[in-house]
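J.: Quick one: structure below, then a few questions.
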Amino acid sequence: MSNIISYLFKTKAIKFCEENKPFFLTSGMISPYFVNTHFLYGDEKSATEFLSYIDTLLADRINLPKKVFENVKAQYESNDIFKYTIDTMVKAITDNVNVDEIDYISGGERRDWYFSNMIAYLLKKPHLTLFKDMEAFVSPYDFSSTEKITDLSNKKVLNASDLVTAASNYVRSWIPAIRNLNGELSWTCYVVDRKQGGTEVLKNEGIKTISLAVVDDSLFEKAYELGTITEGQLDMLKGFYHDPYTTMREFLLNHPDFIEASLNSPNAKTAKEAKLMVENNLYDL
């Protein structure tokens, strides 16, 4: 088992649901596992605290990149898990791309920034900080200054990301942001491929993809071997991997009490996402 996979388990970056208690996603869909790749920052606590810190910076876009970089650089220099993750991403990039062809490293709001800033620094490439509204700011590799950028002059960009699921952020924000600036998003490197169609979407856009870990049957079987999950959980995970929609629809049909409990959950986020699922009839129930 590679160190990246072991660290995903160790930091609980991949979290499996309790038997018959799948997680809600922000879309209103449900999943038997959840991926928080940014926990590879070292652990859940430090990763969550850093995300909260990033939230306090979002209104100050000129100063945000430097402040984010200062934090990730300090963490890189002090945390073995985070350093290994970043170094592995850099090696994957240099093994698969002619680095001389990369003009910029980019990262999108917000979790990409855990990874993209340090990668830009180590590869000595200027960094593009991308926001969901498609505004972009450029910094030199040492983040000594930042300014808004309006034209990339046909330069090539590699985006560094935490994970890819359906690539919705890429399609909605990162790809058009770079194209609107007359740039080309040529490559992307991400830690985890959830194998839910996103990699294919990116390839269809002409983007070369590089991933460190894939969420598939072999990963679930390794979790079972380690005693992390039960046989019942393994069956659901495998079913979800091969046919997520049908597997979750059958679960809901067989467990109508799950929907009722979720709608009445004291957790406001869960109740909101359950309502979204029901109102939009996402599973054709």
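Within each chain, counting starts at residue 1; across the structure tokens, chains are named A, B, ... in the order shown, with ligands numbered 1 upward in that order.
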Enumerate, in order of chain and increasing residue number, the residues of range 14-133 of chain A with an atom no farther than 10 Å from range 191-196 of chain A, each with its shortest atom pair and distance in Å to one decimal, counting only C-alpha atoms, as CSV.
T.:
```
residue,atom,partner,partner_atom,distance
A:Ile14,CA,A:Val192,CA,9.8
A:Phe34,CA,A:Arg194,CA,9.7
A:Val35,CA,A:Arg194,CA,8.4
A:Asn36,CA,A:Val192,CA,9.6
A:Thr37,CA,A:Val192,CA,7.2
A:His38,CA,A:Val191,CA,9.4
A:Leu40,CA,A:Val191,CA,9.6
A:Thr85,CA,A:Val191,CA,8.1
A:Ile86,CA,A:Val191,CA,9.4
A:Thr88,CA,A:Val191,CA,9.2
A:Met89,CA,A:Val191,CA,7.3
A:Phe115,CA,A:Val191,CA,9.2
```
J.: Report as JSON lines: every residue of range 17-80 of chain A with an atom at most 10 Å from range 121-132 of chain A, its closest pair of atoms, and their distance in Å to one decimal, counting only C-alpha atoms, with rows sorted by chain and ascending residue number.
T.:
```
{"residue": "A:Leu58", "atom": "CA", "partner": "A:Phe131", "partner_atom": "CA", "distance": 9.2}
{"residue": "A:Arg61", "atom": "CA", "partner": "A:Thr129", "partner_atom": "CA", "distance": 8.9}
{"residue": "A:Ile62", "atom": "CA", "partner": "A:Thr129", "partner_atom": "CA", "distance": 9.9}
{"residue": "A:Leu64", "atom": "CA", "partner": "A:Thr129", "partner_atom": "CA", "distance": 9.0}
{"residue": "A:Pro65", "atom": "CA", "partner": "A:Thr129", "partner_atom": "CA", "distance": 6.9}
{"residue": "A:Phe69", "atom": "CA", "partner": "A:Tyr121", "partner_atom": "CA", "distance": 8.9}
{"residue": "A:Lys73", "atom": "CA", "partner": "A:Tyr121", "partner_atom": "CA", "distance": 8.9}
```
J.: Export, as an mmCIF file, in the first residue's frame, the selected residues with C-alpha atoms.
T.:
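Contents of again-v2.cif, freshly written:
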```
data_model
loop_
_atom_site.group_PDB
_atom_site.id
_atom_site.type_symbol
_atom_site.label_atom_id
_atom_site.label_comp_id
_atom_site.auth_asym_id
_atom_site.auth_seq_id
_atom_site.Cartn_x
_atom_site.Cartn_y
_atom_site.Cartn_z
ATOM 1 C CA LEU A 58 -11.461 35.717 1.105
ATOM 2 C CA ARG A 61 -7.847 38.900 -2.511
ATOM 3 C CA ILE A 62 -4.621 40.825 -2.988
ATOM 4 C CA LEU A 64 -4.691 36.240 0.478
ATOM 5 C CA PRO A 65 -2.152 34.374 -1.707
ATOM 6 C CA PHE A 69 1.522 30.499 1.122
ATOM 7 C CA LYS A 73 5.227 26.634 3.613
#
```
J.: Do you have the CA of Thr209 in chain A-CA of Thr188 in chain A distance handy?
T.: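 Going from CA of Thr209 in chain A over to CA of Thr188 in chain A, I get 5.1 Å.
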J.: Between A:Ile54, A:Ala261, A:Ala59, A:Ala223, single out the one closest to Ala274 in chain A, counting only C-alpha atoms.
T.: A:Ala261
J.: Once DSSP has gone over the backbone, tell me which residues of range 175-246 of chain A are in strand (DSSP E or B), as a ChimeraX atom specification.
T.: /A:184-193,208-214
